[in-house]
Every structure is written in structure tokens, then in C-alpha cells.
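Coordinates as given in model_39.cif (mmCIF, C-alpha atoms (C1' of nucleotides)):
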data_protein
#
loop_
_atom_site.label_atom_id
_atom_site.label_comp_id
_atom_site.auth_asym_id
_atom_site.auth_seq_id
_atom_site.Cartn_x
_atom_site.Cartn_y
_atom_site.Cartn_z
CA MET D 1 73.08 -27.05 -21.14
CA THR D 2 73.38 -30.06 -18.87
CA THR D 3 71.10 -33.07 -19.25
CA GLU D 4 69.42 -32.20 -15.97
CA GLU D 5 68.61 -28.73 -17.32
CA LYS D 6 67.29 -30.17 -20.57
CA ILE D 7 64.99 -32.45 -18.61
CA PHE D 8 63.88 -29.67 -16.31
CA ASN D 9 63.01 -27.33 -19.16
CA ALA D 10 61.18 -30.06 -21.03
CA ALA D 11 59.28 -30.99 -17.89
CA ARG D 12 58.32 -27.37 -17.31
CA ILE D 13 56.86 -27.11 -20.79
CA VAL D 14 54.91 -30.36 -20.59
CA PHE D 15 53.68 -29.95 -17.00
CA GLN D 16 52.56 -26.39 -17.59
CA LYS D 17 50.69 -27.35 -20.73
CA LYS D 18 49.03 -30.56 -19.49
CA GLY D 19 49.14 -30.44 -15.70
CA PHE D 20 50.51 -33.17 -13.46
CA ALA D 21 47.90 -35.81 -14.26
CA GLY D 22 47.91 -35.13 -18.01
CA ALA D 23 51.68 -35.03 -18.43
CA ARG D 24 53.49 -38.17 -19.69
CA MET D 25 57.05 -39.06 -18.77
CA GLN D 26 57.66 -40.23 -22.33
CA GLU D 27 56.55 -36.87 -23.71
CA ILE D 28 58.93 -35.07 -21.37
CA ALA D 29 61.78 -37.33 -22.50
CA ASP D 30 60.95 -36.71 -26.17
CA GLN D 31 60.76 -32.97 -25.57
CA ALA D 32 64.17 -33.11 -23.88
CA GLY D 33 65.59 -35.33 -26.62
CA ILE D 34 66.84 -37.99 -24.23
CA ASN D 35 65.92 -41.47 -23.05
CA LYS D 36 63.10 -41.91 -20.59
CA ALA D 37 65.34 -43.71 -18.10
CA MET D 38 67.33 -40.52 -17.66
CA LEU D 39 64.31 -38.85 -16.10
CA HIS D 40 64.38 -41.31 -13.25
CA TYR D 41 68.17 -41.27 -13.09
CA CYS D 42 68.10 -37.49 -12.53
CA PHE D 43 64.80 -36.91 -10.73
CA LYS D 44 63.83 -40.24 -9.15
CA SER D 45 60.07 -40.05 -9.91
CA LYS D 46 57.35 -38.09 -11.71
CA GLN D 47 56.24 -36.61 -8.40
CA LEU D 48 59.71 -35.27 -7.55
CA LEU D 49 60.25 -33.89 -11.04
CA PHE D 50 56.91 -32.17 -10.80
CA GLU D 51 57.72 -30.72 -7.39
CA ALA D 52 60.95 -29.26 -8.75
CA VAL D 53 59.07 -27.61 -11.62
CA PHE D 54 56.28 -26.36 -9.39
CA MET D 55 58.56 -24.86 -6.76
CA ASN D 56 60.56 -23.12 -9.46
CA ALA D 57 57.38 -21.69 -10.96
CA PHE D 58 56.14 -20.52 -7.60
CA SER D 59 59.47 -18.98 -6.65
CA GLN D 60 59.35 -16.96 -9.87
CA LEU D 61 56.00 -15.50 -8.86
CA ALA D 62 57.04 -14.79 -5.28
CA PRO D 63 59.23 -11.72 -6.01
CA GLN D 64 56.31 -10.01 -7.72
CA ILE D 65 54.23 -10.53 -4.60
CA ASN D 66 56.94 -9.50 -2.18
CA GLU D 67 57.26 -6.28 -4.13
CA ILE D 68 53.82 -5.24 -2.95
CA PHE D 69 54.31 -6.63 0.55
CA ASN D 70 57.82 -5.42 1.36
CA SER D 71 58.86 -1.89 0.42
CA ASP D 72 58.47 1.53 1.93
CA ALA D 73 56.42 3.14 -0.82
CA THR D 74 52.91 4.47 -0.32
CA VAL D 75 49.95 2.19 -0.91
CA PHE D 76 49.13 3.91 -4.20
CA GLU D 77 52.72 3.55 -5.39
CA LYS D 78 52.76 -0.10 -4.39
CA ILE D 79 49.59 -0.78 -6.33
CA ARG D 80 50.97 0.93 -9.43
CA LYS D 81 54.30 -0.88 -9.21
CA PHE D 82 52.81 -4.30 -8.50
CA THR D 83 50.25 -4.33 -11.29
CA HIS D 84 52.74 -3.00 -13.81
CA SER D 85 55.56 -5.39 -12.96
CA TYR D 86 53.34 -8.41 -12.49
CA ILE D 87 51.57 -8.00 -15.82
CA SER D 88 54.85 -7.33 -17.61
CA PHE D 89 56.27 -10.51 -16.13
CA VAL D 90 53.26 -12.65 -16.87
CA ILE D 91 52.95 -11.52 -20.49
CA VAL D 92 56.34 -13.19 -20.96
CA ASN D 93 55.37 -16.24 -18.83
CA PRO D 94 51.71 -16.75 -19.64
CA TYR D 95 51.60 -20.41 -18.58
CA LEU D 96 52.64 -19.70 -15.00
CA PRO D 97 49.43 -18.46 -13.34
CA PRO D 98 47.06 -21.12 -14.68
CA PHE D 99 49.63 -23.81 -13.87
CA VAL D 100 50.16 -22.72 -10.28
CA ILE D 101 46.46 -22.13 -9.65
CA GLN D 102 45.40 -25.43 -11.19
CA GLU D 103 47.90 -27.52 -9.25
CA MET D 104 47.19 -25.67 -6.00
CA ASN D 105 43.52 -26.51 -6.41
CA ASN D 106 44.17 -30.14 -7.37
CA ASN D 107 46.85 -30.77 -4.75
CA PRO D 108 46.14 -28.43 -1.84
CA GLU D 109 47.77 -30.48 0.91
CA PHE D 110 51.16 -30.68 -0.80
CA VAL D 111 51.15 -27.03 -1.79
CA MET D 112 49.95 -25.64 1.51
CA SER D 113 52.58 -27.56 3.45
CA PHE D 114 55.32 -26.35 1.14
CA LEU D 115 53.94 -22.81 1.30
CA ASN D 116 54.29 -22.89 5.07
CA HIS D 117 57.98 -23.70 4.90
CA LYS D 118 59.33 -21.75 1.94
CA ASN D 119 58.76 -18.35 0.43
CA LYS D 120 55.85 -17.55 2.67
CA PRO D 121 54.90 -13.98 1.74
CA ASN D 122 53.70 -12.02 4.73
CA PRO D 123 50.88 -9.56 4.01
CA THR D 124 50.63 -8.23 7.58
CA PRO D 125 52.78 -5.09 7.16
CA LEU D 126 50.89 -4.03 4.04
CA LEU D 127 47.54 -4.58 5.74
CA ALA D 128 48.68 -2.42 8.64
CA GLN D 129 49.89 0.24 6.23
CA ILE D 130 46.51 0.31 4.51
CA GLU D 131 44.77 0.73 7.84
CA LYS D 132 47.13 3.55 8.75
CA GLU D 133 46.45 5.40 5.50
CA ILE D 134 42.74 4.97 6.10
CA ALA D 135 43.17 6.46 9.59
CA ASP D 136 45.23 9.28 8.05
CA GLY D 137 42.37 10.07 5.69
CA ILE D 138 44.32 9.18 2.53
CA ILE D 139 42.21 6.14 1.68
CA LYS D 140 38.48 5.65 2.04
CA PRO D 141 37.39 3.07 4.62
CA ILE D 142 37.70 -0.43 3.18
CA HIS D 143 38.66 -3.83 4.55
CA PRO D 144 42.37 -4.14 3.75
CA LYS D 145 42.15 -7.80 2.79
CA GLN D 146 39.34 -7.03 0.37
CA LEU D 147 41.49 -4.38 -1.25
CA LEU D 148 44.36 -6.83 -1.57
CA LEU D 149 42.07 -9.43 -3.07
CA ASP D 150 40.68 -6.87 -5.54
CA ILE D 151 44.19 -6.07 -6.73
CA PHE D 152 45.20 -9.72 -7.12
CA SER D 153 41.92 -10.55 -8.85
CA MET D 154 42.10 -7.84 -11.48
CA THR D 155 45.76 -8.54 -12.15
CA VAL D 156 45.91 -12.33 -12.22
CA PHE D 157 42.48 -13.43 -13.39
CA PRO D 158 42.75 -12.54 -17.09
CA PHE D 159 45.83 -14.78 -17.37
CA ALA D 160 44.46 -17.55 -15.17
CA ALA D 161 41.23 -17.79 -17.18
CA LYS D 162 42.48 -16.55 -20.53
CA MET D 163 40.42 -18.90 -22.69
CA MET D 164 37.23 -18.24 -20.76
CA VAL D 165 37.78 -14.49 -20.90
CA LYS D 166 38.48 -14.58 -24.61
CA GLY D 167 35.37 -16.67 -25.17
CA ILE D 168 32.93 -14.64 -23.08
CA ILE D 169 34.09 -11.10 -23.87
CA GLN D 170 34.84 -12.18 -27.44
CA LEU D 171 38.43 -11.10 -27.86
CA SER D 172 40.93 -12.03 -30.55
CA GLU D 173 44.46 -12.86 -29.46
CA THR D 174 45.57 -9.39 -30.56
CA GLU D 175 42.77 -7.64 -28.68
CA PHE D 176 43.59 -9.68 -25.58
CA ASN D 177 47.25 -8.67 -25.72
CA GLU D 178 46.37 -5.03 -26.29
CA MET D 179 44.05 -5.10 -23.30
CA MET D 180 46.76 -6.60 -21.10
CA GLU D 181 49.18 -3.87 -22.17
CA GLU D 182 46.62 -1.26 -21.21
CA ARG D 183 45.99 -3.04 -17.90
CA LYS D 184 49.54 -2.42 -16.78
CA THR D 185 48.30 1.04 -15.83
CA SER D 186 44.48 0.92 -15.97
CA ILE D 187 44.04 -1.50 -13.06
CA ALA D 188 45.91 0.75 -10.68
CA GLU D 189 43.91 3.77 -11.83
CA THR D 190 40.62 1.93 -11.35
CA ILE D 191 41.53 0.77 -7.86
CA ILE D 192 43.04 4.04 -6.73
CA ASN D 193 40.12 5.93 -8.21
CA SER D 194 37.73 3.93 -6.08
CA ILE D 195 39.60 4.27 -2.76
CA LYS D 196 41.20 7.74 -2.84
CA LYS D 197 39.47 10.47 -0.89
CA MET O 1 17.30 -41.61 -9.16
CA THR O 2 18.02 -43.42 -12.43
CA THR O 3 21.34 -45.15 -13.04
CA GLU O 4 22.21 -42.56 -15.63
CA GLU O 5 21.70 -39.81 -13.05
CA LYS O 6 23.78 -41.67 -10.47
CA ILE O 7 26.61 -41.95 -12.99
CA PHE O 8 26.30 -38.33 -14.03
CA ASN O 9 26.41 -37.04 -10.47
CA ALA O 10 29.35 -39.28 -9.60
CA ALA O 11 31.16 -38.16 -12.75
CA ARG O 12 30.53 -34.52 -11.90
CA ILE O 13 32.09 -34.96 -8.47
CA VAL O 14 35.15 -36.83 -9.72
CA PHE O 15 35.77 -34.70 -12.82
CA GLN O 16 35.41 -31.47 -10.88
CA LYS O 17 37.81 -32.66 -8.20
CA LYS O 18 40.50 -34.24 -10.42
CA GLY O 19 39.99 -32.81 -13.90
CA PHE O 20 39.62 -34.85 -17.06
CA ALA O 21 43.13 -36.30 -17.12
CA GLY O 22 43.19 -37.10 -13.40
CA ALA O 23 39.75 -38.70 -13.23
CA ARG O 24 39.50 -42.52 -13.33
CA MET O 25 36.51 -44.36 -14.75
CA GLN O 26 36.75 -46.90 -11.90
CA GLU O 27 36.54 -44.12 -9.32
CA ILE O 28 33.44 -42.71 -11.00
CA ALA O 29 31.87 -46.18 -10.95
CA ASP O 30 32.71 -46.63 -7.26
CA GLN O 31 31.33 -43.20 -6.43
CA ALA O 32 28.12 -44.08 -8.28
CA GLY O 33 27.97 -47.51 -6.62
CA ILE O 34 27.67 -49.37 -9.91
CA ASN O 35 29.77 -51.51 -12.21
CA LYS O 36 32.31 -49.85 -14.48
CA ALA O 37 30.74 -51.38 -17.59
CA MET O 38 27.60 -49.34 -16.95
CA LEU O 39 29.56 -46.16 -17.60
CA HIS O 40 30.19 -47.27 -21.16
CA TYR O 41 26.70 -48.68 -21.52
CA CYS O 42 25.21 -45.27 -20.66
CA PHE O 43 27.83 -42.81 -21.92
CA LYS O 44 29.89 -44.67 -24.55
CA SER O 45 33.31 -43.25 -23.54
CA LYS O 46 35.17 -41.15 -20.97
CA GLN O 47 35.29 -38.25 -23.41
CA LEU O 48 31.51 -38.22 -23.95
CA LEU O 49 30.80 -38.54 -20.23
CA PHE O 50 33.14 -35.63 -19.61
CA GLU O 51 31.50 -33.53 -22.29
CA ALA O 52 28.10 -34.12 -20.71
CA VAL O 53 29.41 -32.99 -17.33
CA PHE O 54 31.24 -30.00 -18.74
CA MET O 55 28.34 -28.72 -20.81
CA ASN O 56 26.05 -29.04 -17.81
CA ALA O 57 28.52 -27.08 -15.67
CA PHE O 58 28.87 -24.39 -18.29
CA SER O 59 25.15 -24.11 -18.86
CA GLN O 60 24.71 -23.52 -15.12
CA LEU O 61 27.08 -20.56 -15.29
CA ALA O 62 25.55 -19.11 -18.45
CA PRO O 63 22.38 -17.68 -16.82
CA GLN O 64 24.50 -15.65 -14.40
CA ILE O 65 26.35 -14.14 -17.33
CA ASN O 66 23.27 -13.49 -19.40
CA GLU O 67 21.85 -11.62 -16.45
CA ILE O 68 24.47 -8.93 -16.92
CA PHE O 69 24.29 -9.03 -20.70
CA ASN O 70 20.54 -9.13 -21.30
CA SER O 71 18.25 -6.94 -19.24
CA ASP O 72 17.09 -3.35 -19.39
CA ALA O 73 18.54 -2.17 -16.09
CA THR O 74 21.16 0.56 -15.80
CA VAL O 75 24.82 -0.38 -15.83
CA PHE O 76 25.14 0.19 -12.09
CA GLU O 77 22.10 -1.98 -11.39
CA LYS O 78 23.46 -4.71 -13.64
CA ILE O 79 26.78 -4.69 -11.84
CA ARG O 80 25.08 -4.95 -8.46
CA LYS O 81 22.78 -7.74 -9.58
CA PHE O 82 25.45 -9.75 -11.35
CA THR O 83 28.03 -9.75 -8.56
CA HIS O 84 25.41 -10.55 -5.95
CA SER O 85 23.73 -13.37 -7.81
CA TYR O 86 26.97 -14.87 -9.17
CA ILE O 87 28.66 -15.01 -5.78
CA SER O 88 25.55 -16.41 -4.14
CA PHE O 89 25.42 -19.12 -6.77
CA VAL O 90 29.10 -19.97 -6.62
CA ILE O 91 29.21 -20.20 -2.83
CA VAL O 92 26.85 -23.15 -3.26
CA ASN O 93 28.78 -24.55 -6.26
CA PRO O 94 32.40 -23.78 -5.42
CA TYR O 95 33.90 -26.44 -7.71
CA LEU O 96 32.36 -24.97 -10.86
CA PRO O 97 34.65 -22.02 -11.70
CA PRO O 98 37.99 -23.79 -11.25
CA PHE O 99 36.68 -26.78 -13.17
CA VAL O 100 35.44 -24.78 -16.15
CA ILE O 101 38.52 -22.57 -16.25
CA GLN O 102 40.95 -25.48 -15.95
CA GLU O 103 39.35 -27.52 -18.71
CA MET O 104 38.98 -24.51 -20.97
CA ASN O 105 42.70 -23.88 -20.61
CA ASN O 106 43.64 -27.53 -21.12
CA ASN O 107 41.23 -28.20 -23.95
CA PRO O 108 40.68 -24.89 -25.76
CA GLU O 109 39.78 -26.26 -29.18
CA PHE O 110 36.93 -28.44 -27.92
CA VAL O 111 35.55 -25.75 -25.65
CA MET O 112 35.79 -22.90 -28.12
CA SER O 113 34.01 -24.87 -30.82
CA PHE O 114 31.22 -25.79 -28.44
CA LEU O 115 31.04 -22.20 -27.20
CA ASN O 116 30.45 -21.04 -30.76
CA HIS O 117 27.42 -23.26 -31.18
CA LYS O 118 25.65 -23.23 -27.83
CA ASN O 119 24.92 -20.68 -25.16
CA LYS O 120 27.06 -18.04 -26.76
CA PRO O 121 26.61 -15.00 -24.52
CA ASN O 122 26.68 -11.77 -26.51
CA PRO O 123 28.32 -8.83 -24.74
CA THR O 124 27.73 -6.32 -27.54
CA PRO O 125 24.53 -4.71 -26.17
CA LEU O 126 26.07 -4.18 -22.74
CA LEU O 127 29.22 -2.69 -24.27
CA ALA O 128 27.07 -0.28 -26.27
CA GLN O 129 25.09 0.60 -23.16
CA ILE O 130 28.28 1.39 -21.27
CA GLU O 131 29.43 3.66 -24.07
CA LYS O 132 26.07 5.40 -24.08
CA GLU O 133 26.20 6.05 -20.34
CA ILE O 134 29.72 7.41 -20.77
CA ALA O 135 28.43 9.74 -23.51
CA ASP O 136 25.55 10.73 -21.23
CA GLY O 137 28.02 11.68 -18.51
CA ILE O 138 26.85 9.00 -16.06
CA ILE O 139 30.08 6.99 -16.20
CA LYS O 140 33.63 8.23 -16.40
CA PRO O 141 35.48 7.43 -19.66
CA ILE O 142 36.72 3.82 -19.60
CA HIS O 143 37.12 1.09 -22.17
CA PRO O 144 33.91 -0.95 -21.83
CA LYS O 145 35.67 -4.29 -22.26
CA GLN O 146 38.12 -3.39 -19.50
CA LEU O 147 35.21 -2.60 -17.21
CA LEU O 148 33.60 -5.93 -18.04
CA LEU O 149 36.87 -7.74 -17.39
CA ASP O 150 37.30 -5.94 -14.06
CA ILE O 151 33.87 -7.12 -12.95
CA PHE O 152 34.48 -10.72 -13.98
CA SER O 153 37.93 -10.73 -12.41
CA MET O 154 36.87 -9.47 -9.01
CA THR O 155 33.87 -11.77 -8.93
CA VAL O 156 35.28 -15.04 -10.24
CA PHE O 157 38.94 -15.01 -9.28
CA PRO O 158 38.63 -15.72 -5.55
CA PHE O 159 36.76 -18.93 -6.35
CA ALA O 160 38.95 -19.91 -9.28
CA ALA O 161 42.14 -19.55 -7.24
CA LYS O 162 40.76 -20.22 -3.80
CA MET O 163 43.76 -22.16 -2.46
CA MET O 164 46.24 -19.60 -3.77
CA VAL O 165 44.23 -16.73 -2.32
CA LYS O 166 43.93 -18.42 1.04
CA GLY O 167 47.66 -19.12 1.06
CA ILE O 168 48.89 -15.69 0.04
CA ILE O 169 46.48 -13.48 1.96
CA GLN O 170 46.50 -15.99 4.82
CA LEU O 171 42.83 -16.68 5.30
CA SER O 172 41.14 -19.43 7.26
CA GLU O 173 38.17 -21.16 5.68
CA THR O 174 35.86 -19.08 7.87
CA GLU O 175 37.55 -15.80 6.98
CA PHE O 176 37.38 -16.73 3.31
CA ASN O 177 33.66 -17.43 3.50
CA GLU O 178 33.02 -14.22 5.41
CA MET O 179 34.93 -12.24 2.80
CA MET O 180 32.88 -13.81 0.01
CA GLU O 181 29.66 -12.87 1.79
CA GLU O 182 30.86 -9.30 2.03
CA ARG O 183 31.91 -9.35 -1.62
CA LYS O 184 28.32 -9.84 -2.72
CA THR O 185 27.98 -6.09 -2.27
CA SER O 186 31.52 -4.71 -1.87
CA ILE O 187 32.68 -5.51 -5.41
CA ALA O 188 29.87 -3.51 -6.95
CA GLU O 189 30.56 -0.58 -4.63
CA THR O 190 34.26 -0.62 -5.48
CA ILE O 191 33.63 -0.71 -9.22
CA ILE O 192 30.84 1.85 -9.20
CA ASN O 193 32.87 4.07 -6.91
CA SER O 194 35.66 4.14 -9.42
CA ILE O 195 33.56 4.87 -12.53
CA LYS O 196 30.71 7.09 -11.35
CA LYS O 197 31.04 10.77 -12.02
"C1'" DA H 1 96.61 -50.88 -18.14
"C1'" DT H 2 92.83 -51.57 -14.94
"C1'" DC H 3 89.35 -50.26 -11.87
"C1'" DT H 4 85.66 -47.11 -10.49
"C1'" DT H 5 82.46 -43.66 -11.08
"C1'" DT H 6 79.13 -41.28 -13.80
"C1'" DG H 7 76.15 -40.76 -17.78
"C1'" DT H 8 73.20 -43.07 -21.21
"C1'" DT H 9 70.52 -46.40 -23.56
"C1'" DA H 10 67.37 -50.37 -25.19
"C1'" DA H 11 64.67 -53.65 -23.46
"C1'" DC H 12 61.77 -55.00 -20.15
"C1'" DC H 13 58.08 -55.23 -16.25
"C1'" DA H 14 54.03 -55.05 -13.34
"C1'" DA H 15 50.24 -52.27 -12.55
"C1'" DA H 16 46.70 -49.32 -14.03
"C1'" DC H 17 44.04 -47.70 -17.60
"C1'" DG H 18 39.83 -47.30 -20.85
"C1'" DG H 19 37.09 -50.26 -23.04
"C1'" DT H 20 34.73 -54.98 -24.48
"C1'" DT H 21 32.24 -59.26 -24.04
"C1'" DA H 22 29.30 -62.76 -22.85
"C1'" DA H 23 26.51 -64.27 -19.61
"C1'" DA H 24 23.26 -63.41 -15.81
"C1'" DC H 25 19.43 -60.85 -14.08
"C1'" DC H 26 14.73 -59.07 -14.03
"C1'" DG H 27 10.27 -57.16 -14.75
"C1'" DA H 28 6.60 -57.10 -18.22
"C1'" DA H 29 3.90 -59.16 -21.96
"C1'" DC H 30 1.77 -63.11 -23.69
"C1'" DG C 1 5.76 -70.20 -16.98
"C1'" DT C 2 7.99 -68.98 -20.94
"C1'" DT C 3 9.72 -65.56 -23.88
"C1'" DC C 4 11.81 -61.19 -24.63
"C1'" DG C 5 13.75 -56.63 -24.05
"C1'" DG C 6 16.49 -53.72 -21.58
"C1'" DT C 7 19.71 -53.57 -17.54
"C1'" DT C 8 23.70 -55.05 -14.85
"C1'" DT C 9 27.69 -57.60 -13.79
"C1'" DA C 10 32.24 -60.40 -13.52
"C1'" DA C 11 35.75 -61.43 -16.16
"C1'" DC C 12 38.62 -60.28 -19.64
"C1'" DC C 13 41.65 -57.63 -23.25
"C1'" DG C 14 45.02 -54.70 -25.46
"C1'" DT C 15 47.45 -50.56 -24.55
"C1'" DT C 16 49.62 -47.19 -21.94
"C1'" DT C 17 51.80 -45.86 -17.84
"C1'" DG C 18 55.58 -44.96 -14.43
"C1'" DG C 19 59.38 -47.25 -13.22
"C1'" DT C 20 63.41 -50.86 -13.39
"C1'" DT C 21 67.28 -53.45 -15.11
"C1'" DA C 22 71.36 -54.70 -17.22
"C1'" DA C 23 74.51 -53.66 -20.43
"C1'" DC C 24 77.43 -50.17 -22.31
"C1'" DA C 25 80.41 -46.02 -22.93
"C1'" DA C 26 83.25 -42.21 -21.59
"C1'" DA C 27 86.37 -40.24 -18.11
"C1'" DG C 28 89.16 -40.03 -14.21
"C1'" DA C 29 91.65 -42.25 -10.54
"C1'" DT C 30 95.06 -45.80 -9.01
#
Let's see the structure in the file written out as C-alpha cells.
Amino acid sequence: MTTEEKIFNAARIVFQKKGFAGARMQEIADQAGINKAMLHYCFKSKQLLFEAVFMNAFSQLAPQINEIFNSDATVFEKIRKFTHSYISFVIVNPYLPPFVIQEMNNNPEFVMSFLNHKNKPNPTPLLAQIEKEIADGIIKPIHPKQLLLDIFSMTVFPFAAKMMVKGIIQLSETEFNEMMEERKTSIAETIINSIKK
Amino acid sequence: MTTEEKIFNAARIVFQKKGFAGARMQEIADQAGINKAMLHYCFKSKQLLFEAVFMNAFSQLAPQINEIFNSDATVFEKIRKFTHSYISFVIVNPYLPPFVIQEMNNNPEFVMSFLNHKNKPNPTPLLAQIEKEIADGIIKPIHPKQLLLDIFSMTVFPFAAKMMVKGIIQLSETEFNEMMEERKTSIAETIINSIKK
DNA sequence: ATCTTTGTTAACCAAACGGTTAAACCGAAC
DNA sequence: GTTCGGTTTAACCGTTTGGTTAACAAAGAT
């Protein structure tokens, strides 16, 4: 593993745990097992190191989203595939959703500008497909964007607000994990149940 | 307005916008229009000032939650009331959910300990009620905690991850607000639609 | 062998940070 | 009008922060 990779991995861990403002360059250096000056030798500044970590995190989430946007499956199949693959992925990378959401809220101008250039997922085809299946009588009338938001909400929220969810619904870590396993399929059934004719 | 109130309101604005780590005592003082020393005169330390703001924020959200936990309405009525009143409340206080969720994730030990002492909402009665209505044949079989999580997810997520939602689904501020208005009723219909027999 | 480039470090720096102090302010009581 | 308590401020302090510097070491290139 190169020094640059060691720094990057250390930075990912620290940034995802503490956020941009809470992260310390010294802590990243310690985590990487190298001198603090190397951070600036390799990545110029805290801001640039953070941007590298953030873009990497976001680009890991993008494929999961494109899976629901770009494929030729039916809407029901897309919902089943997306929820299953997204939850599977996020169980292994639990820090990703809260990190991305937190930094997008704290730093909207940077993120929105970068979102306009790179990796911009395009929901338009899926929205049109939903409208077509409504017209074909497969799906009950519903606003397509609301449906999309329902799917994202049910899938992402438990990971984005894990501590709050555990606190309010009173779940142990084991119970939480068991529920997420079950959600790989239950979310799709709930959604489809509510929109199928 | 007393000085203490001016400080508290300023602190709420700054903490909710930048989080604990990103907030600066000087910025809070400027926002309040008073000298920085007054912050420590009134609130001792940054940590204590933050705790005051956080507990106030959380205690504002608690009534919305207790509304779904403690009342003698049917499950369907509770779902309708909760989603409507929570979204109405949060439209006026949009910074609250991301703030609470972010700080709960970043500071779980402090929050969980405080959650165990104060304002601990108790979901047990509602969970039992859901199971009873399943047994009575009113609701389709579903794990009650999953149902509860579905409701929270659909209601809270769009506000917790507003920037991400706007970016991915490609919504203007106006479209977002219109969707949230519609969600006051559409979430309950979606959920009820999927669980009613 | 010597020079140049690249990787690495300890020591250092100025600015920003949370927090303290001592003095000034100010209305009320006497 | 002087005293006295709480309130408010300017100035200050020690520490931490992101970032820099200069020296050094290893590895090719000439």
C-alpha cells in the first residue's frame, strides 16, 4: 500500500467518523502511521483531502442509484433489486450514508456544484416508466417523484439516522441488524403492496 | 428578550447550521450581538451551551413522537395524525431533524445517556396495538417495528437529507416544498394502502 | 562519483480557538 | 451621592489548529 493510499484510508475513517469540521489532520496522520507533513505533501490541504474522500464515497453510492435509474426491468423488479442491493452494500459500509448526508447539508454549495459536473444520476427515464405503467394499469395512480422518494426514504433513513432510530424504537444492535436484513425484501413488498392494482 | 435568550437563540442558529464541531463561540456572540465573555458568564462552556440547545431541540420533537405512541386512536388514525402534524411542524423548523440526527450520530454516548433519563418515548403500547389489530384482521401481518420504522423513514428522511434528495431526484426548492405539502397526507395513504386488508 | 528527483521527518509558525480576568458599567437601595 | 450587586466588556492567555520549512535519506540519472 502506497503512502498516498494509507493517508486516504486513514482520512476516510476519520472524516466519516467526525465530519469535516471535527476531523483533525494530526489524527489522520496518526491513523495512517505517518508524519503530518506528508498529508500536505500528498494532498495539499485539508479541504482537498476531504474532497477526495467525499467524491470517492459518493461515487461508491452512485452505482446503487444508477441501478434503479438505468436498466430495462419493470418498476417492481427495479424496486426489489435496488432495495436489496443498496441495503446489502450499506450494511458493509454503514458510515457512508450519514457522512454523505451530513456533509451535503453542511456544505451544499460545494456538493451541488460537484453533483452537476460528475456522476449526475438522471431520474427522468424511470419517472417516465412509472407514468407509463400507471397508464397501462399496472400501478395505481401516484406521483412518480413521491414514489421515488418513498423508496429512498425507507431504504436510506435507518442507516442515516441509526442512533436516533435505535433510541426511539428501542433496538439493540442485534435487533437493528436483524431488521436491516429483513428490510432487504420487506421494503419492496411494502411499496409494491401499496401501489399494485 | 433577556441576554440569556439572545445567546440561546444565536447558539441555536449557529449550532444547527454548522454542528457542534463547526460552530465558533465568536460567531455565536456576533449573532447574539454581545461580547464573547457573556457566553461563558451565562453558559459556562461550549459543551453546556450546546447541550442546552440540543435538549431544547429534542424536546420540541418529542411531542410529535408521543402523539403516535400515546393516544387511544386506531393505528390508521395515529399514522394519519402523526405524519400530518410532524411534517407541518418540520416545515416550520427545517433545521431540527438534520441537527438532531447529525449530533446523535457524532455523539452517541452523550445522547443515549440523556435519552435514557429524559423524555424517553415508549413505543411498547403502540407495538402491542399493532399486533392486536393484526390479530383482529384489520391489518395485514407485518412486524410492528418495521411498520414504525417505515413511518418514521418516509416522514423524516426528506428533511434529514434535503440536499441529497433535491440533488438526486432533481427538485427545485419550490418543487420540494410542494412535495412536502402533499406528503402530509400521501405518506399515510401509502402506508395504510399497503397494510390494510 | 555527483547531481537531481522524490519521499519523509522534526521542528517550527501564525492564526484561530475556547476560556479567563480585571476593570468598567449601571440601576437600585440606603 | 455613595455603596453594592449583578451585568457587560476589552484585553489577555494557553492550547490547538492547519500549514510551512529546512534538513535529510533513498534512488535513479548523468
Inset, instruction - For DT9 in chain C, please output as a ChimeraX atom specification all residues within 8 Å (counting only C-alpha atoms (C1' of nucleotides); exclusion window: fewer than 4 positions along the same chain). - result: /O:35,37 /H:24
Using only C-alpha atoms (C1' of nucleotides), which residues of chain D come within 10 Å of chain C, and what is the closest atom pair for each, with the distance in Å to one decimal? Give it as a Markdown table, sorted by chain and residue number.
| residue | atom | partner | partner_atom | distance |
| --- | --- | --- | --- | --- |
| D:Arg24 | CA | C:DT17 | C1' | 8.1 |
| D:Met25 | CA | C:DG18 | C1' | 7.5 |
| D:Gln26 | CA | C:DT17 | C1' | 9.3 |
| D:Lys36 | CA | C:DG19 | C1' | 9.8 |
| D:Ala37 | CA | C:DG19 | C1' | 8.5 |
| D:His40 | CA | C:DG19 | C1' | 7.8 |
| D:Lys44 | CA | C:DG19 | C1' | 9.2 |
| D:Ser45 | CA | C:DG19 | C1' | 8.0 |
| D:Lys46 | CA | C:DG18 | C1' | 7.6 |
Legend entry - Interface list for chain H, partner chain O, 9 Å threshold, all atoms listed in the file, as a list in words: DC17, DG18, DG19 and DT20 of chain H
Legend entry - Neighbour list for Pro97 in chain D as a list in words, cut-off 8 Å, all atoms listed in the file, skip fewer than 3 positions in-chain: Val90, Pro94, Val100, Ile101, Val156, Phe159 and Ala160 of chain D
Write to file, as a PDB file, in the coordinates of the input, the residues of the selection just made, with C-alpha atoms.
ATOM      1  CA  VAL D  90      53.260 -12.650 -16.870  1.00  0.00           C
ATOM      2  CA  PRO D  94      51.710 -16.750 -19.640  1.00  0.00           C
ATOM      3  CA  VAL D 100      50.160 -22.720 -10.280  1.00  0.00           C
ATOM      4  CA  ILE D 101      46.460 -22.130  -9.650  1.00  0.00           C
ATOM      5  CA  VAL D 156      45.910 -12.330 -12.220  1.00  0.00           C
ATOM      6  CA  PHE D 159      45.830 -14.780 -17.370  1.00  0.00           C
ATOM      7  CA  ALA D 160      44.460 -17.550 -15.170  1.00  0.00           C
TER       8      ALA D 160
END
Inset, instruction - Fewer than 6 positions away in the same chain doesn't count, so skip those; otherwise give me all residues within 9 Å of Asp150 in chain O, counting all atoms listed in the file, as a ChimeraX atom specification. - result: /D:153-154,187,190 /O:191
Inset, instruction - Residues of chain O near chain D: apply a cut-off of 8 Å, count all atoms listed in the file, and supply the list as a ChimeraX atom specification. - result: /O:17-18,21-22,98,101-102,104-106,108,112,115,120-123,145-146,148-150,153-154,157-158,160-165,167-170,179,190-195
Inset, instruction - For CA of Phe114 in chain O and CA of Gln47 in chain O, determine how far apart the two atoms are, in Å to one decimal place. - result: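 Atom-to-atom, CA of Phe114 in chain O to CA of Gln47 in chain O, that is 14.0 Å.
For the atom pair formed by CA of Leu61 in chain O and CA of Lys81 in chain O, the distance is 14.7 Å, given to one decimal.
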Inset, instruction - In Å, rounded to a single decimal, give me how far CA of Ala32 in chain D is from CA of Val53 in chain D. - result: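 CA of Ala32 in chain D lies at a distance of 14.4 Å from CA of Val53 in chain D.
Residue membership of the PyMOL selection byres ((chain D and resi 130) around 10) in the shown file amounts to Thr74, Val75, Phe76, Thr124, Pro125, Leu126, Leu127, Ala128, Gln129, Glu131, Lys132, Glu133, Ile134, Ala135, Asp136, Ile138, Ile139, Lys140, Pro141, Ile142, His143, Pro144, Lys145, Leu147 and Leu148 of chain D.
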